[in-house]
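These notes are about the structure you will find just below.
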Amino acid sequence: MEPTAIPELPPPMSGLPFTRVRVPLRGWLFHAGQPNPGVYFVRAGFLKTTVGSADGRERITAFPMRGDWLGLESLGNACHVSDCTALDASEVWHMPGNALAWPGAALVLADLCARQLRQQQAWALTIGSACAERRVLAFLEDMGRRHAGLGCSSARFHLRMTRMEMGSYLGLQIETVTRALTKLQASGHLRVDRREITLLSMPNGAHAPRLQPARCDRTVWPGRQRRPDRRAIPARALM
């Protein structure tokens, strides 16, 4: 596939040689250890990024959606340091690592890295000492804000991830996530219909009220699960 310039991106990024890549549902975009990492802009869809440890544990680090960037953590490395899988049919624009030499590109990517770091720090502060209900509610509020930024409803949206994937991201067991959702629904904060979420306390985009202090459930971080994604269709096979 021939590289194309993407006019929708702000300068100087719009003139860079992006390549359009389509990723099927549950297909993988890249794996940890894959050489020649680049940077990806999510044009459509919903994905997840994961990192693994030497003892076999795995944790989801982000749920990128339209407008987000991928691969920033691998800049300067010879290979990718994380995995990325699509939770919905997605389209991303890939920029090779050597495009950093283009005028202005390094400054833009440095700004993106700094912004991502600030967001991660703010998120860590939000859920660092919170109990399960607070973590789940904060996560759903954040998802609502992100959907609102795309022009969608901030109070009603569809979750692409499973309860297990949500728990991996929040550091909770799947049973704890399920109990937290049940308690939040019983307290009138939200309504759950399978993966359809309706936040009941966010009129006009306002934040849901803070929960009263509660004893947190004792949870452990889930161990590494068998990963069917390894057998998924490689994204580049569709290029």
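Simple scheme: letters A, B, ... for chains in structure tokens order, numbers from 1 for residues in each chain, numbers from 1 for ligands in the order shown.
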Contacts of Asn98 (chain A) at 10 Å (only C-alpha atoms; same-chain gap of 3+ positions) as a list in words: Asn36, Pro37, Gly38, Met95, Ala101 and Trp102 of chain A
Write a file of the selected residues as an mmCIF file, in the first residue's frame, keeping C-alpha atoms.
data_model
loop_
_atom_site.group_PDB
_atom_site.id
_atom_site.type_symbol
_atom_site.label_atom_id
_atom_site.label_comp_id
_atom_site.auth_asym_id
_atom_site.auth_seq_id
_atom_site.Cartn_x
_atom_site.Cartn_y
_atom_site.Cartn_z
ATOM 1 C CA ASN A 36 10.884 -1.361 13.560
ATOM 2 C CA PRO A 37 8.208 0.257 15.713
ATOM 3 C CA GLY A 38 6.390 3.320 14.490
ATOM 4 C CA MET A 95 4.055 6.602 10.567
ATOM 5 C CA ALA A 101 13.687 13.097 11.061
ATOM 6 C CA TRP A 102 11.088 15.195 9.258
#
All residues 12 Å or closer to Ala124 (chain A), only C-alpha atoms, same chain fewer than 3 positions away omitted, as a PyMOL selection string: chain A and resi 61+117-121+127-130+135+138-139+169-171
Got a sec: who's within 7 Å of region 175-178 of chain A, counting only C-alpha atoms, leaving out chain neighbours fewer than 6 positions off, as a PDB file with C-alpha atoms, in the first residue's frame?
ATOM      1  CA  ALA A 132     -13.507  -0.935  43.529  1.00  0.00           C
ATOM      2  CA  ARG A 163     -15.475  -7.250  32.344  1.00  0.00           C
ATOM      3  CA  GLY A 167     -10.601  -5.465  35.543  1.00  0.00           C
TER       4      GLY A 167
END
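Residue-level DSSP output for region 99-224 of chain A, from the backbone, shows strand (DSSP E) at A:Arg156, A:Phe157, A:His158, A:Leu190, A:Arg191, A:Val192, A:Asp193, A:Glu196, A:Ile197, A:Thr198, A:Leu199.
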I'd like the contact shell of Glu73 (chain A) - 10 Å cut-off, only C-alpha atoms, skipping same-chain residues fewer than 6 positions apart - returned as a VMD selection string. chain A and resid 37 39 80 to 82 113 116 to 117
Which residues come within 10 Å of Ser153 (chain A), counting only C-alpha atoms, excluding same-chain residues fewer than 4 positions away, as a VMD selection string? chain A and resid 144 to 149 157 198 204 to 205
Closest of A:Ile60, A:Val42, A:Ala32, A:Met161 to Ser74 (chain A) - atom-to-atom distances counting only C-alpha atoms: A:Ala32
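Between Thr85 (chain A) and the candidates A:Leu72, A:Leu107, A:Leu140, A:Leu25, the tightest atom-to-atom separation, counting only C-alpha atoms, involves A:Leu25.
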Pick out the closest residue to Gln185 (chain A) from this set: A:Ala86, A:Met164, A:Leu137, A:Met143. Count only C-alpha atoms. A:Leu137
When you draw a straight line from CA of Leu190 (chain A) to CA of Cys131 (chain A), how long is it in Å? 17.3 Å
Across A:Phe18, A:Asp193, A:Ser168, A:Arg43, the smallest distance to Arg57 (chain A), with only C-alpha atoms counted, is shown by A:Ser168
